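Notes for the one structure printed next.
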Amino acid sequence: MVVALLLAGLAVYAALGTAEGANATESAIPGVKQPIVKEPVEPPSVGAAIKMDGATDDAWEFIAGRDPSPSLAVLGETYNYGRQVALTFDDGPDPNVTPAVLDVLRDHELKATFFVVGRRVARNPEIVRRIVREGHSLGNHTYNHPNMADLGAGQMRNEMQSTQEAVDRALGYSYPMTLMRPPYGAPYLSDQHMRPLFQRVMRERRAYPVMWTVDSRDWELEGQAYSIAENVRAGTSKEGG
Ligand SMILES: [Zn+2]
């Protein structure tokens, strides 16, 4: 599981023009409204036209008018928003790790965004329900955790849509995920020639790619708590931003 710290306020794109709709709640990333529609609906089938809620569509139109392929927290495109961080956790839900993470967040009254892997959502629906019940947000981290740069547009859509369906099925209602984190940071950190196609598909789906500004590298420092904490400390400026 990757623990990434994303400096907060980077959500400025999404904050601009996000409608204050009755179905929107504050997500863990300040300024980003996570639309939640509570009525149970049939999950759309893969390949069906993407139907987002009105608030997401309005926000997207506004943002895309300024930047045709918006992404959040792309490395090198970060801003200073003071001493704030957004906590994000990737690759779950995991039956061993995620409940422990949720316990710690609850003890410290912190909210986070969980970028979930669809196939794990399908296996651990009760953990997904707990994440949302305890006030955290969900983001799309694809179904099979592929390098998106290796995929064609149709495969990218399937990775996104099948994860969305798994989340909707786990929760029992439609929970359109607007935030997505591409596995391995591709095609931002590698395979950048694939970025136009990737961004086109994300735009079509009204998905905001979210990178990170600090990687704790907990995924390779298993059990070495001090080193993990030191990575976070060293990567976080005292002034924020
Ligand atoms: Zn991942």
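Residue names in the structure tokens use chain letters A, B, ... in the order shown, residue numbers from 1 in each chain, and ligand numbers from 1 in the order shown.
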Return as a CSV table (one decimal) with C-alpha atoms, in the first residue's frame the full set of residues in range 61-167 of chain A whose backbone-based DSSP assignment is strand (DSSP E or B).
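Just written: states11.csv:
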chain,number,residue,atom,x,y,z
A,72,LEU,CA,-4.2,17.7,-10.2
A,85,VAL,CA,-1.5,18.3,3.4
A,86,ALA,CA,-4.0,15.9,1.9
A,87,LEU,CA,-3.4,12.2,2.9
A,88,THR,CA,-4.0,9.6,0.3
A,89,PHE,CA,-3.7,5.8,0.5
A,90,ASP,CA,-3.4,3.7,-2.7
A,112,ALA,CA,-8.1,10.8,3.7
A,113,THR,CA,-8.7,9.8,0.1
A,114,PHE,CA,-8.4,6.1,-0.7
A,115,PHE,CA,-7.4,5.4,-4.3
A,116,VAL,CA,-8.9,1.9,-4.6
A,137,SER,CA,-13.3,9.8,0.0
A,138,LEU,CA,-12.7,7.2,-2.7
A,139,GLY,CA,-10.7,7.7,-5.9
A,140,ASN,CA,-10.2,5.4,-8.9
At most 7 Å is the cut-off: for each residue in chain A with any atom that close to an atom of ligand 1, write down the nearest atom pair and the distance in Å rounded to one decimal, counting only C-alpha atoms and all ligand atoms, chain first then increasing number, as a tab-separated table.
residue	atom	partner	partner_atom_place_in_ligand_line	distance
A:Val2	CA	ligand 1	1 (Zn)	6.5
A:Asp90	CA	ligand 1	1 (Zn)	5.3
A:Asp91	CA	ligand 1	1 (Zn)	4.7
A:His141	CA	ligand 1	1 (Zn)	6.7
A:His145	CA	ligand 1	1 (Zn)	6.3
A:Pro183	CA	ligand 1	1 (Zn)	4.6
A:Tyr184	CA	ligand 1	1 (Zn)	6.3
Handout entry: Close residues, Val232 in chain A itself excluded, 9 Å, only C-alpha atoms, min 2 positions apart in chain, as a list in words
Key = Ala4, Leu5, Val214, Asp215, Ser216, Arg217, Ser227, Ile228, Ala229, Glu230, Ala234, Gly235 and Thr236 of chain A
Exercise for the section: For Pro93 in chain A, work out the shell of residues within 8 Å, counting only C-alpha atoms and skipping chain neighbours fewer than 5 positions away, then give it as number ranges by chain. Expected result: A: 98, 116-117, 120-121, 124, 127-128
Handout entry: All residues 10 Å or closer to Gly152 in chain A, only C-alpha atoms, same chain fewer than 5 positions away omitted, as a PyMOL selection string
Key = chain A and resi 157+194+197-198+201
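For Arg195 in chain A, the residues within 12 Å (counting only C-alpha atoms, excluding itself and residues fewer than 3 positions away along the chain) are Ser69, Pro70, Ser71, Met148, Ala149, Asp150, Leu151, Gly152, Ala153, Pro182, Gly185, Ala186, Pro187, Tyr188, Leu189, Ser190, Asp191, Gln192, Phe198, Gln199, Arg200, Val201, Met202, Arg203 and Pro209 of chain A.
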Problem - For Pro176 in chain A, the nearest of the candidates A:Ala122, A:Arg206, A:His108, A:Met156, counting only C-alpha atoms - result: A:Arg206
Exercise for the section: Per DSSP on the backbone, filter range 81-171 of chain A down to the residues in helix (DSSP H, G or I) and report them as a PyMOL selection string. Expected result: chain A and resi 98-107+118-123+125-133+148-150+153-171
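Going from CA of Arg205 in chain A to CA of Thr178 in chain A covers 8.4 Å.
Distances from A:Ala170, A:Gln224, A:Trp212, A:Asn231 to Val132 in chain A were compared using only C-alpha atoms, and the smallest one belongs to A:Ala170.
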